[in-house]
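K.L.:
Take a look at model.txt, compact mmCIF, C-alpha atoms and all ligand atoms:
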# COMPACT_ATOMS: atom_id res chain seq x y z
CA MET A 1 109.80 110.75 121.67
CA ALA A 2 109.08 114.03 119.93
CA VAL A 3 108.09 114.13 116.29
CA SER A 4 110.09 116.73 114.46
CA SER A 5 108.39 116.50 111.11
CA LYS A 6 104.85 117.29 110.02
CA ASN A 7 103.37 116.72 106.61
CA THR A 8 103.81 119.74 104.42
CA ASP A 9 100.86 121.15 102.48
CA ARG A 10 100.97 118.77 99.59
CA VAL A 11 98.35 116.73 97.81
CA ILE A 12 99.65 113.43 96.51
CA MET A 13 97.87 111.01 94.25
CA HIS A 14 98.73 107.34 93.83
CA LEU A 15 97.24 105.62 90.81
CA ASP A 16 97.23 101.90 90.13
CA MET A 17 95.57 100.30 87.12
CA ASP A 18 93.07 97.52 87.88
CA ALA A 19 94.13 93.96 87.02
CA PHE A 20 96.35 95.60 84.44
CA PHE A 21 97.59 92.83 82.11
CA ALA A 22 94.26 90.98 82.31
CA ALA A 23 92.29 94.19 81.74
CA VAL A 24 94.32 94.92 78.59
CA GLU A 25 93.51 91.42 77.31
CA GLN A 26 89.82 91.99 77.99
CA LEU A 27 90.04 95.36 76.26
CA ASP A 28 91.61 93.93 73.09
CA ASN A 29 89.49 90.76 73.09
CA PRO A 30 85.88 91.67 73.86
CA GLU A 31 84.98 87.97 74.08
CA TYR A 32 87.09 87.74 77.29
CA ARG A 33 85.13 90.46 79.09
CA GLY A 34 83.25 89.35 82.20
CA LYS A 35 85.21 86.10 82.21
CA PRO A 36 88.03 84.78 84.40
CA VAL A 37 91.28 85.66 82.61
CA VAL A 38 94.68 84.57 83.89
CA VAL A 39 97.89 86.01 82.42
CA GLY A 40 101.03 84.05 83.18
CA ALA A 41 102.84 80.82 82.40
CA ASP A 42 101.28 78.05 80.31
CA PRO A 43 99.17 75.89 82.67
CA LYS A 44 99.59 72.81 80.42
CA GLN A 45 96.42 71.20 81.75
CA GLY A 46 97.64 71.59 85.32
CA THR A 47 101.21 70.35 84.82
CA GLY A 48 102.65 73.73 83.81
CA ARG A 49 105.42 75.44 85.72
CA GLY A 50 105.85 79.10 86.54
CA VAL A 51 103.39 81.51 88.06
CA VAL A 52 100.41 83.78 87.53
CA SER A 53 101.33 87.35 86.52
CA THR A 54 97.86 88.61 87.20
CA ALA A 55 94.22 87.56 87.15
CA SER A 56 91.07 89.44 86.18
CA TYR A 57 88.72 90.26 89.04
CA GLU A 58 86.41 87.49 87.76
CA ALA A 59 89.29 85.00 88.20
CA ARG A 60 90.20 86.38 91.64
CA LYS A 61 86.83 85.09 92.91
CA TYR A 62 88.29 81.61 92.51
CA GLY A 63 91.27 82.51 94.71
CA ILE A 64 93.65 83.16 91.82
CA HIS A 65 96.20 85.95 92.32
CA SER A 66 99.64 87.18 91.19
CA ALA A 67 102.57 84.85 91.98
CA LEU A 68 100.33 81.80 92.52
CA PRO A 69 101.78 78.67 90.82
CA ILE A 70 100.02 78.37 87.48
CA SER A 71 99.23 74.70 88.14
CA LYS A 72 97.28 75.73 91.24
CA ALA A 73 95.44 78.43 89.29
CA TYR A 74 94.43 75.76 86.79
CA ARG A 75 93.10 73.52 89.56
CA LEU A 76 91.13 76.43 91.05
CA CYS A 77 89.52 77.38 87.73
CA PRO A 78 90.28 75.09 84.77
CA HIS A 79 87.82 76.91 82.51
CA ALA A 80 89.58 80.27 82.93
CA ILE A 81 91.14 81.86 79.84
CA PHE A 82 94.89 81.35 80.28
CA LEU A 83 97.12 83.74 78.32
CA ARG A 84 100.92 84.18 78.05
CA GLY A 85 100.87 87.97 77.96
CA ARG A 86 102.01 90.65 75.50
CA MET A 87 104.50 92.96 77.18
CA HIS A 88 104.72 95.29 74.19
CA ARG A 89 101.04 96.06 74.33
CA TYR A 90 101.07 96.54 78.12
CA ALA A 91 104.03 98.91 77.82
CA GLU A 92 102.24 100.86 75.10
CA LEU A 93 99.13 101.36 77.24
CA SER A 94 101.29 102.15 80.27
CA HIS A 95 102.89 105.02 78.30
CA GLN A 96 99.48 106.24 77.24
CA VAL A 97 98.19 106.26 80.81
CA MET A 98 101.29 108.08 82.13
CA ASP A 99 100.95 110.68 79.36
CA ILE A 100 97.33 111.34 80.33
CA ILE A 101 98.34 111.90 83.95
CA LYS A 102 101.13 114.27 82.87
CA ASN A 103 98.45 116.54 81.40
CA TYR A 104 97.45 117.26 84.97
CA SER A 105 100.84 117.43 86.65
CA PRO A 106 104.37 116.93 85.42
CA VAL A 107 105.52 115.91 88.89
CA LEU A 108 105.08 112.22 88.27
CA GLU A 109 107.04 109.29 89.60
CA GLN A 110 106.24 106.05 87.87
CA ILE A 111 106.98 103.15 90.18
CA SER A 112 105.93 100.19 88.07
CA ILE A 113 104.30 99.48 84.73
CA ASP A 114 100.85 100.39 86.05
CA GLU A 115 101.51 102.56 89.07
CA ALA A 116 102.58 106.14 89.71
CA PHE A 117 102.71 108.84 92.35
CA VAL A 118 101.75 112.33 91.22
CA ASP A 119 102.06 115.56 93.14
CA ILE A 120 98.79 117.32 92.28
CA SER A 121 99.17 120.23 94.75
CA GLY A 122 99.64 122.62 91.83
CA CYS A 123 96.51 121.69 89.91
CA ILE A 124 93.87 122.20 92.56
CA ARG A 125 93.33 125.80 91.42
CA LEU A 126 92.89 124.68 87.84
CA PHE A 127 90.81 121.57 88.26
CA GLY A 128 88.95 122.14 91.50
CA PRO A 129 88.79 120.07 94.66
CA THR A 130 90.84 116.89 94.98
CA LYS A 131 87.88 114.61 94.43
CA ASN A 132 87.18 116.23 91.06
CA ILE A 133 90.78 115.82 89.98
CA GLY A 134 90.74 112.15 90.92
CA LEU A 135 87.48 111.56 89.08
CA LYS A 136 88.61 113.51 86.02
CA ILE A 137 91.88 111.60 85.70
CA LYS A 138 90.06 108.28 86.08
CA GLU A 139 87.50 109.31 83.48
CA ASP A 140 90.15 110.55 81.06
CA ILE A 141 92.04 107.28 81.33
CA HIS A 142 88.89 105.31 80.74
CA ALA A 143 87.74 107.46 77.83
CA GLN A 144 91.12 107.40 76.09
CA THR A 145 92.26 103.85 76.77
CA GLY A 146 89.18 101.89 77.84
CA LEU A 147 90.94 100.86 81.06
CA ARG A 148 90.04 101.46 84.70
CA ALA A 149 92.33 102.75 87.42
CA SER A 150 92.07 103.06 91.18
CA VAL A 151 93.21 106.29 92.78
CA GLY A 152 94.18 107.33 96.29
CA ILE A 153 94.68 110.98 97.24
CA ALA A 154 96.31 112.00 100.50
CA PRO A 155 98.73 114.46 102.11
CA ASN A 156 101.62 112.02 101.56
CA LYS A 157 102.86 109.11 99.47
CA PHE A 158 102.46 106.47 102.12
CA ILE A 159 98.77 107.16 102.72
CA ALA A 160 98.03 107.78 99.02
CA LYS A 161 99.36 104.30 98.22
CA ILE A 162 97.31 102.65 100.93
CA ALA A 163 94.26 104.63 99.81
CA SER A 164 94.43 103.60 96.15
CA ASP A 165 94.17 99.97 97.19
CA LEU A 166 91.23 100.31 99.58
CA GLU A 167 88.36 100.45 97.09
CA LYS A 168 89.80 98.53 94.18
CA PRO A 169 88.66 98.05 91.41
CA ASP A 170 87.62 101.45 89.99
CA GLY A 171 88.22 103.02 93.41
CA LEU A 172 88.67 106.61 94.51
CA THR A 173 89.69 107.08 98.12
CA ILE A 174 90.59 110.40 99.68
CA CYS A 175 92.32 111.17 102.96
CA GLU A 176 92.07 114.85 103.83
CA LYS A 177 94.80 116.85 105.53
CA ASP A 178 94.71 116.49 109.32
CA GLY A 179 92.64 113.36 108.88
CA GLU A 180 95.73 111.17 108.48
CA LYS A 181 95.69 109.48 111.89
CA ALA A 182 91.97 108.81 111.87
CA PHE A 183 92.20 107.45 108.34
CA LEU A 184 94.95 104.98 109.22
CA ALA A 185 93.86 103.97 112.72
CA PRO A 186 91.32 101.21 111.90
CA LEU A 187 93.45 99.56 109.20
CA PRO A 188 95.19 96.24 109.94
CA ILE A 189 98.96 96.45 110.47
CA ARG A 190 99.77 94.39 107.38
CA LYS A 191 98.83 97.43 105.29
CA LEU A 192 102.07 99.02 106.49
CA TRP A 193 105.08 98.63 104.21
CA GLY A 194 107.45 95.86 105.13
CA ILE A 195 105.21 94.05 107.58
CA GLY A 196 105.34 90.38 106.73
CA ALA A 197 103.65 87.47 108.45
CA ARG A 198 106.37 87.16 111.13
CA THR A 199 106.41 90.80 112.19
CA GLU A 200 102.62 90.79 112.12
CA GLU A 201 102.61 87.88 114.57
CA ARG A 202 105.22 89.56 116.76
CA LEU A 203 103.25 92.78 116.89
CA GLN A 204 100.00 90.94 117.55
CA ASN A 205 101.68 89.26 120.51
CA MET A 206 102.36 92.75 121.81
CA GLY A 207 98.64 93.50 121.53
CA ILE A 208 99.08 95.50 118.32
CA LYS A 209 96.46 94.73 115.66
CA THR A 210 95.73 97.97 113.87
CA ILE A 211 97.82 100.86 112.59
CA GLY A 212 96.14 102.93 115.31
CA ASP A 213 97.57 100.55 117.93
CA ILE A 214 101.08 101.27 116.60
CA ALA A 215 100.43 105.03 116.61
CA ASP A 216 99.31 104.85 120.24
CA PHE A 217 102.19 102.63 121.31
CA ASP A 218 105.08 104.21 123.13
CA ALA A 219 107.55 105.13 120.36
CA LYS A 220 110.59 104.50 122.56
CA LYS A 221 109.39 101.05 123.56
CA LEU A 222 108.65 100.16 119.95
CA THR A 223 112.14 101.29 118.94
CA THR A 224 113.70 99.17 121.68
CA LYS A 225 111.73 96.15 120.50
CA LEU A 226 112.10 96.52 116.75
CA GLY A 227 115.15 98.76 116.32
CA VAL A 228 115.26 101.95 114.23
CA TRP A 229 112.74 100.39 111.91
CA GLY A 230 110.25 100.47 114.81
CA PHE A 231 110.49 104.24 114.92
CA GLY A 232 109.95 104.43 111.17
CA LEU A 233 106.81 102.34 111.55
CA TRP A 234 105.60 104.52 114.37
CA LYS A 235 106.02 107.65 112.25
CA LEU A 236 104.14 106.13 109.34
CA ALA A 237 101.38 104.93 111.68
CA ASN A 238 101.07 108.53 112.84
CA GLY A 239 100.63 109.55 109.21
CA ILE A 240 104.03 111.18 108.82
CA ASP A 241 105.93 110.70 105.58
CA ASN A 242 107.76 113.55 103.91
CA ARG A 243 109.15 111.83 100.84
CA LYS A 244 108.79 113.94 97.73
CA VAL A 245 107.24 112.67 94.54
CA GLY A 246 110.02 112.17 92.08
CA THR A 247 112.53 110.98 94.65
CA PRO A 248 113.76 107.91 92.86
CA HIS A 249 113.35 104.87 95.02
CA LYS A 250 116.71 103.22 95.09
CA ARG A 251 116.55 99.88 93.41
CA LYS A 252 118.95 97.38 94.96
CA SER A 253 119.11 94.80 92.20
CA ILE A 254 117.65 93.83 88.90
CA SER A 255 117.14 90.26 87.75
CA GLU A 256 115.66 87.94 85.22
CA GLU A 257 115.08 84.19 85.46
CA ARG A 258 113.54 81.27 83.59
CA THR A 259 111.92 78.07 84.81
CA PHE A 260 112.36 75.12 82.46
CA TYR A 261 109.29 73.23 81.35
CA GLU A 262 111.01 70.08 82.59
CA ASP A 263 114.13 69.83 84.76
CA VAL A 264 117.06 69.69 82.35
CA ALA A 265 120.26 67.66 82.47
CA ASP A 266 121.63 69.26 79.30
CA TYR A 267 124.01 71.93 80.64
CA ASN A 268 124.55 73.29 77.15
CA MET A 269 120.90 74.20 77.13
CA VAL A 270 121.29 75.86 80.54
CA GLU A 271 124.16 77.97 79.17
CA LYS A 272 122.13 78.94 76.11
CA THR A 273 119.33 80.01 78.41
CA LEU A 274 121.80 82.09 80.42
CA PHE A 275 122.79 83.78 77.15
CA LYS A 276 119.19 84.66 76.43
CA ILE A 277 118.64 85.90 80.00
CA ALA A 278 121.81 88.01 79.80
CA ASP A 279 120.57 89.58 76.58
CA ASP A 280 117.16 90.43 77.99
CA LEU A 281 118.56 91.69 81.27
CA SER A 282 121.18 93.81 79.52
CA ARG A 283 118.45 95.35 77.42
CA THR A 284 116.29 96.17 80.42
CA MET A 285 119.29 97.66 82.24
CA ARG A 286 120.18 99.85 79.30
CA ARG A 287 116.59 100.99 78.95
CA LYS A 288 116.60 101.97 82.61
CA SER A 289 120.10 103.45 82.38
CA LEU A 290 121.42 101.13 85.06
CA LYS A 291 124.83 99.56 85.51
CA GLY A 292 125.87 97.15 88.23
CA ARG A 293 129.01 95.72 89.73
CA THR A 294 127.95 92.42 91.31
CA ILE A 295 126.59 89.64 89.13
CA THR A 296 124.75 86.75 90.75
CA LEU A 297 123.84 83.43 89.23
CA LYS A 298 120.71 81.82 90.62
CA LEU A 299 120.34 78.12 90.20
CA ARG A 300 117.44 76.00 91.30
CA LEU A 301 118.05 72.27 91.02
CA GLU A 302 115.71 69.30 91.01
CA GLY A 303 113.96 69.01 94.36
CA PHE A 304 113.74 72.83 94.62
CA GLU A 305 117.25 73.21 96.04
CA THR A 306 118.24 76.83 95.39
CA HIS A 307 121.78 78.24 95.21
CA THR A 308 123.32 81.56 94.35
CA ARG A 309 126.88 82.38 93.36
CA SER A 310 128.15 85.94 92.96
CA LYS A 311 131.07 87.74 91.46
CA LYS A 312 132.06 91.31 92.15
CA LEU A 313 133.62 93.12 89.21
CA THR A 314 135.94 96.08 89.22
CA ASP A 315 133.77 98.03 86.77
CA TYR A 316 130.08 98.80 86.54
CA VAL A 317 128.62 96.94 83.56
CA HIS A 318 125.36 96.35 81.73
CA ASP A 319 126.48 94.90 78.43
CA ALA A 320 125.22 91.47 77.47
CA ASP A 321 128.73 90.09 76.92
CA SER A 322 129.84 90.77 80.50
CA LEU A 323 126.64 89.41 82.00
CA ARG A 324 126.89 86.28 79.88
CA ALA A 325 130.55 85.66 80.56
CA VAL A 326 130.27 85.99 84.33
CA ALA A 327 127.05 83.96 84.59
CA VAL A 328 128.41 81.11 82.48
CA ASP A 329 131.70 81.13 84.39
CA LEU A 330 129.84 80.92 87.72
CA PHE A 331 127.69 78.12 86.32
CA ARG A 332 130.69 76.12 85.11
CA LYS A 333 132.38 76.42 88.49
CA PHE A 334 129.29 75.28 90.38
CA PRO A 335 129.59 71.74 91.81
CA ILE A 336 126.44 70.51 90.12
CA ALA A 337 127.19 66.76 90.43
CA GLU A 338 125.03 65.79 87.45
CA ARG A 339 121.86 67.07 89.02
CA LYS A 340 119.10 68.46 86.84
CA VAL A 341 118.34 72.15 86.65
CA ARG A 342 114.86 73.55 87.25
CA LEU A 343 115.50 77.29 87.02
CA VAL A 344 118.33 79.67 86.16
CA GLY A 345 118.55 83.36 86.62
CA ILE A 346 120.94 86.29 86.67
CA ALA A 347 120.77 89.22 89.06
CA VAL A 348 122.85 92.38 89.00
CA SER A 349 123.31 94.39 92.19
CA GLN A 350 125.40 97.32 93.49
CA LEU A 351 123.62 99.40 90.92
CA ASN A 352 124.53 102.77 89.60
CA THR A 353 122.29 105.02 87.49
CA LEU A 354 123.80 106.54 84.42
CA GLY A 355 121.88 109.76 84.79
CA GLY A 356 119.50 108.81 81.97
CA GLU A 357 121.75 110.13 79.23
CA GLN A 358 120.31 110.10 75.73
CA LEU A 359 121.86 108.16 72.92
CA PRO A 360 122.91 110.41 70.07
CA LEU A 361 121.28 108.44 67.29
CA PHE A 362 123.08 109.00 64.04
CA ASP A 363 124.94 112.25 64.58
CA ASN A 364 127.92 110.49 66.04
CA THR A 365 130.46 109.14 63.62
CA VAL A 366 132.24 106.96 66.15
CA ILE A 367 129.91 104.52 67.81
CA ASN A 368 131.44 102.45 70.57
CA ASN A 369 130.21 99.06 71.66
CA GLU A 370 127.98 100.44 74.37
CA GLU A 371 126.34 102.95 72.07
CA LEU A 372 125.88 100.29 69.44
CA GLU A 373 124.03 98.06 71.93
CA LYS A 374 121.79 100.95 72.91
CA LEU A 375 121.09 101.76 69.30
CA LEU A 376 120.14 98.14 68.59
CA ASP A 377 117.77 98.26 71.54
CA GLU A 378 116.07 101.34 70.19
CA LEU A 379 115.64 99.77 66.80
CA LYS A 380 114.26 96.56 68.32
CA GLN A 381 111.89 98.58 70.44
CA ARG A 382 110.62 100.47 67.43
CA PHE A 383 110.54 97.74 64.83
CA GLY A 384 110.43 94.44 66.75
CA GLU A 385 112.80 91.75 67.99
CA LYS A 386 113.93 90.38 64.66
CA VAL A 387 114.78 93.58 62.85
CA VAL A 388 118.44 93.67 63.84
CA MET A 389 120.98 91.19 64.98
CA ARG A 390 124.58 91.70 65.93
CA GLY A 391 127.15 90.15 63.63
CA SER A 392 128.44 87.88 66.37
CA PHE A 393 125.02 86.24 66.64
CA LEU A 394 125.19 85.21 63.03
CA LYS A 395 128.56 83.55 63.31
CA LYS A 396 128.60 79.81 63.58
CA LYS A 397 130.14 78.46 66.76
P1 LIG B 401 99.59 95.04 90.18
O1 LIG B 401 99.20 96.48 90.09
O2 LIG B 401 100.19 94.55 91.46
O3 LIG B 401 98.34 94.12 89.90
P2 LIG B 401 97.14 94.32 88.90
O4 LIG B 401 97.18 95.64 88.21
O5 LIG B 401 97.08 93.15 87.98
O6 LIG B 401 95.89 94.24 89.84
P3 LIG B 401 95.36 95.31 90.91
O7 LIG B 401 93.98 95.67 90.44
O8 LIG B 401 95.37 94.59 92.21
O9 LIG B 401 96.30 96.47 90.86
O10 LIG B 401 100.61 94.70 89.03
C1 LIG B 401 100.53 95.29 87.74
C2 LIG B 401 100.89 94.28 86.68
O11 LIG B 401 102.20 93.78 86.90
C3 LIG B 401 99.99 93.08 86.66
O12 LIG B 401 98.83 93.27 85.85
C4 LIG B 401 100.88 91.99 86.12
C5 LIG B 401 102.27 92.39 86.57
N1 LIG B 401 102.68 91.58 87.74
C6 LIG B 401 103.42 90.42 87.51
O13 LIG B 401 103.75 90.10 86.37
N2 LIG B 401 103.77 89.65 88.59
C7 LIG B 401 103.41 89.96 89.88
O14 LIG B 401 103.73 89.21 90.83
C8 LIG B 401 102.64 91.16 90.09
C9 LIG B 401 102.23 91.54 91.49
C10 LIG B 401 102.30 91.92 89.00
MG MG B 402 97.51 97.39 89.28
Let me see the file written as structure tokens.
Ligand code: TTP
Ligand code: MG
P.N.:
Amino acid sequence: MAVSSKNTDRVIMHLDMDAFFAAVEQLDNPEYRGKPVVVGADPKQGTGRGVVSTASYEARKYGIHSALPISKAYRLCPHAIFLRGRMHRYAELSHQVMDIIKNYSPVLEQISIDEAFVDISGCIRLFGPTKNIGLKIKEDIHAQTGLRASVGIAPNKFIAKIASDLEKPDGLTICEKDGEKAFLAPLPIRKLWGIGARTEERLQNMGIKTIGDIADFDAKKLTTKLGVWGFGLWKLANGIDNRKVGTPHKRKSISEERTFYEDVADYNMVEKTLFKIADDLSRTMRRKSLKGRTITLKLRLEGFETHTRSKKLTDYVHDADSLRAVAVDLFRKFPIAERKVRLVGIAVSQLNTLGGEQLPLFDNTVINNEELEKLLDELKQRFGEKVVMRGSFLKKK
């Protein structure tokens, strides 16, 4: 199979902050430095529910990592410092970091709170060879925020992302142009996007262990075995990826959920929690300028039995009232048979971006409901949760 595309002459950087939430806690609380810090749910002496958001590198030595049940983290290292997390502060530092990077190149695509791709092709003349740029950005971030980042620089996004992870923490890994295949070849296949344990096993059964093995495999055969996806993998393994920085990755859904401290039989409480989730989710969606048409209720019952129920609407929505109404309706219709609830969540899919339009703050005499909600969000963001409340919240039931 012939390869039609080659990497263009671009230099892409991927930057990922080290142990981000935990590092911020160690920054703000010097007494936590050098110690195992775990940010996540309350461990409650080992009986807590929920999961680890992240762990400092000191805590990772005990086997603690993101998404691990918090009770397990507690068993692995009971003397760790367990913290709930302060999203506002993390968001603040995230903005600061992104602003520092923008001094080097405006072509920046932030992909999570602590991660971004940056096209630095244009700044090589100004700042010298790629290694210097990487070092300078890392140093700037450290000098201005006190935090450490790991950086990967490569001819494309795919390799830059792999590279930033290779020497974490405080890493700087560079893959030069025309060195793509050699760079990737020795790496294990699980470093490729989308390869989970099952595909890994399947590929290993075909004698494929490294990315180099995929690159050398017959592309046609791989496509026959794995479908179109196989060809995509083969291209990546050969170091080919022409996605531009700034191409928004299309998010499929957005969701929010809560685990109860104890399974609850009080369905009123479940509905109240759905209200709170709808509020938070609506706020996040408005901040990201997203609307969606399918609303899904997620329900986990005692014994870990998980169900979802969805409703497709005729309009795209993101207002809290719609999310609440649909979620509660789906919940009321669910044949729950007096079982207790462990977790509830709401997801919104079939998303549509609103083109990031700006809210005209006070220059608009007529403010509709949607604009009002956005305005309240802005005020809350600036002055804190409790500064404003909608009239309907104050009404007694
Ligand atoms: P990551 O960059 O995946 O992790 P990290 O920065 O903590 O550590 P690393 O040095 O390996 O990059 O995620 C960034 C932040 O996002 C992380 O600090 C906490 C949050 N997060 C969660 O809340 N839950 C998760 O499952 C993950 C993976 C991250
Ligand atoms: Mg990180």
K.L.:
Using all atoms listed in the file, which residues of the polymer chains come no farther than 8 Å from ligand MG 402 (chain B)? I'd like the answer as a ChimeraX atom specification.
P.N.:
/A:16-20,114-115,149
K.L.:
Next, write the just-selected residues to a file, as an mmCIF file, in the coordinates of the input, keeping C-alpha atoms as the atom set.
P.N.:
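Writing done, so here's out-v3.cif:
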data_model
loop_
_atom_site.group_PDB
_atom_site.id
_atom_site.type_symbol
_atom_site.label_atom_id
_atom_site.label_comp_id
_atom_site.auth_asym_id
_atom_site.auth_seq_id
_atom_site.Cartn_x
_atom_site.Cartn_y
_atom_site.Cartn_z
ATOM 1 C CA ASP A 16 97.230 101.900 90.130
ATOM 2 C CA MET A 17 95.570 100.300 87.120
ATOM 3 C CA ASP A 18 93.070 97.520 87.880
ATOM 4 C CA ALA A 19 94.130 93.960 87.020
ATOM 5 C CA PHE A 20 96.350 95.600 84.440
ATOM 6 C CA ASP A 114 100.850 100.390 86.050
ATOM 7 C CA GLU A 115 101.510 102.560 89.070
ATOM 8 C CA ALA A 149 92.330 102.750 87.420
#
K.L.:
Mind giving me the axis-aligned box for ligand LIG 401 (chain B) with 3 Å on every side, centre plus edges in Å to one decimal, as AutoDock Vina command-line options?
P.N.:
--center_x 98.9 --center_y 92.8 --center_z 89.0 --size_x 15.8 --size_y 13.3 --size_z 12.4
K.L.:
Using only C-alpha atoms and all ligand atoms, can you tell me which of A:Ala41, A:Ile113, A:Ile100, A:Leu203 comes closest to ligand LIG 401 (chain B)?
P.N.:
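Smallest separation from ligand LIG 401 (chain B) among the options: A:Ile113.
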K.L.:
Report the distance between CA of Val348 (chain A) and CA of Lys312 (chain A) in Å, rounded to one decimal place.
P.N.:
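Computing it gives 9.8 Å between the two atoms.
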K.L.:
When the cut-off is 9 Å and you count only C-alpha atoms and all ligand atoms, which residues lie near ligand LIG 401 (chain B), shown as a PDB file with C-alpha atoms, in the frame of the given file?
P.N.:
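What landed in out-v6.pdb:
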ATOM      1  CA  ASP A  16      97.230 101.900  90.130  1.00  0.00           C
ATOM      2  CA  MET A  17      95.570 100.300  87.120  1.00  0.00           C
ATOM      3  CA  ASP A  18      93.070  97.520  87.880  1.00  0.00           C
ATOM      4  CA  ALA A  19      94.130  93.960  87.020  1.00  0.00           C
ATOM      5  CA  PHE A  20      96.350  95.600  84.440  1.00  0.00           C
ATOM      6  CA  PHE A  21      97.590  92.830  82.110  1.00  0.00           C
ATOM      7  CA  ALA A  22      94.260  90.980  82.310  1.00  0.00           C
ATOM      8  CA  ALA A  23      92.290  94.190  81.740  1.00  0.00           C
ATOM      9  CA  VAL A  24      94.320  94.920  78.590  1.00  0.00           C
ATOM     10  CA  VAL A  39      97.890  86.010  82.420  1.00  0.00           C
ATOM     11  CA  GLY A  40     101.030  84.050  83.180  1.00  0.00           C
ATOM     12  CA  VAL A  51     103.390  81.510  88.060  1.00  0.00           C
ATOM     13  CA  VAL A  52     100.410  83.780  87.530  1.00  0.00           C
ATOM     14  CA  SER A  53     101.330  87.350  86.520  1.00  0.00           C
ATOM     15  CA  THR A  54      97.860  88.610  87.200  1.00  0.00           C
ATOM     16  CA  ALA A  55      94.220  87.560  87.150  1.00  0.00           C
ATOM     17  CA  SER A  56      91.070  89.440  86.180  1.00  0.00           C
ATOM     18  CA  TYR A  57      88.720  90.260  89.040  1.00  0.00           C
ATOM     19  CA  HIS A  65      96.200  85.950  92.320  1.00  0.00           C
ATOM     20  CA  SER A  66      99.640  87.180  91.190  1.00  0.00           C
ATOM     21  CA  ALA A  67     102.570  84.850  91.980  1.00  0.00           C
ATOM     22  CA  LEU A  68     100.330  81.800  92.520  1.00  0.00           C
ATOM     23  CA  TYR A  90     101.070  96.540  78.120  1.00  0.00           C
ATOM     24  CA  SER A 112     105.930 100.190  88.070  1.00  0.00           C
ATOM     25  CA  ILE A 113     104.300  99.480  84.730  1.00  0.00           C
ATOM     26  CA  ASP A 114     100.850 100.390  86.050  1.00  0.00           C
ATOM     27  CA  GLU A 115     101.510 102.560  89.070  1.00  0.00           C
ATOM     28  CA  ALA A 149      92.330 102.750  87.420  1.00  0.00           C
ATOM     29  CA  SER A 150      92.070 103.060  91.180  1.00  0.00           C
ATOM     30  CA  ASP A 165      94.170  99.970  97.190  1.00  0.00           C
ATOM     31  CA  LYS A 168      89.800  98.530  94.180  1.00  0.00           C
ATOM     32  CA  PRO A 169      88.660  98.050  91.410  1.00  0.00           C
ATOM     33  CA  ASP A 170      87.620 101.450  89.990  1.00  0.00           C
TER      34      ASP A 170
END
K.L.:
Expressed in Å to a single decimal, how great is the separation between CA of Arg89 (chain A) and CA of Ala116 (chain A)?
P.N.:
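Spanning CA of Arg89 (chain A) to CA of Ala116 (chain A) is a straight-line distance of 18.5 Å.
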K.L.:
Rank nothing, just name the residue among A:Ile208, A:Val270, A:Ile137, A:Cys77 nearest to Val328 (chain A), using all atoms listed in the file.
P.N.:
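For Val328 (chain A), the nearest of the given residues is A:Val270.
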K.L.:
Write out as a VMD selection string the residues lying within 10 Å of Glu271 (chain A), counting all atoms listed in the file and excluding same-chain residues fewer than 4 positions away.
P.N.:
chain A and resid 266 to 267 275 to 277 324 327 to 329 331 to 332 344
K.L.:
Keeping only C-alpha atoms, write those residues as a PDB file, in the coordinates of the input.
P.N.:
ATOM      1  CA  ASP A 266     121.630  69.260  79.300  1.00  0.00           C
ATOM      2  CA  TYR A 267     124.010  71.930  80.640  1.00  0.00           C
ATOM      3  CA  PHE A 275     122.790  83.780  77.150  1.00  0.00           C
ATOM      4  CA  LYS A 276     119.190  84.660  76.430  1.00  0.00           C
ATOM      5  CA  ILE A 277     118.640  85.900  80.000  1.00  0.00           C
ATOM      6  CA  ARG A 324     126.890  86.280  79.880  1.00  0.00           C
ATOM      7  CA  ALA A 327     127.050  83.960  84.590  1.00  0.00           C
ATOM      8  CA  VAL A 328     128.410  81.110  82.480  1.00  0.00           C
ATOM      9  CA  ASP A 329     131.700  81.130  84.390  1.00  0.00           C
ATOM     10  CA  PHE A 331     127.690  78.120  86.320  1.00  0.00           C
ATOM     11  CA  ARG A 332     130.690  76.120  85.110  1.00  0.00           C
ATOM     12  CA  VAL A 344     118.330  79.670  86.160  1.00  0.00           C
TER      13      VAL A 344
END
K.L.:
Pick out the residues sitting within 7 Å of Ala320 (chain A), and hand them over as a ChimeraX atom specification; count all atoms listed in the file, and ignore anything fewer than 6 positions along from it in its own chain.
P.N.:
/A:278-279,282
K.L.:
CA of Leu76 (chain A) and CA of Tyr62 (chain A), how far apart in Å?
P.N.:
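Between CA of Tyr62 (chain A) and CA of Leu76 (chain A) the gap works out to 6.1 Å.
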K.L.:
With the cut-off set at 9 Å and counting all atoms listed in the file, tabulate each residue of region 131-179 of chain A with an atom at most that distance from an atom of region 225-248 of chain A, showing the nearest atom pair and its distance in Å to one decimal, ordered by chain and increasing number, as a tab-separated table.
P.N.:
residue	atom	partner	partner_atom	distance
A:Pro155	CA	A:Asp241	CA	8.8
A:Asn156	CA	A:Asp241	CA	6.0
A:Lys157	CA	A:Arg243	CA	7.0
A:Phe158	CA	A:Asp241	CA	6.5
A:Ile159	CA	A:Gly239	CA	7.2
A:Gly179	CA	A:Gly239	CA	8.9
K.L.:
Keeping C-alpha atoms, export the residues of the selection given above as a short mmCIF file (atom, residue, chain, number, x, y, z; two decimals), keeping the file's coordinate frame.
P.N.:
data_model
loop_
_atom_site.label_atom_id
_atom_site.label_comp_id
_atom_site.auth_asym_id
_atom_site.auth_seq_id
_atom_site.Cartn_x
_atom_site.Cartn_y
_atom_site.Cartn_z
CA PRO A 155 98.73 114.46 102.11
CA ASN A 156 101.62 112.02 101.56
CA LYS A 157 102.86 109.11 99.47
CA PHE A 158 102.46 106.47 102.12
CA ILE A 159 98.77 107.16 102.72
CA GLY A 179 92.64 113.36 108.88
#
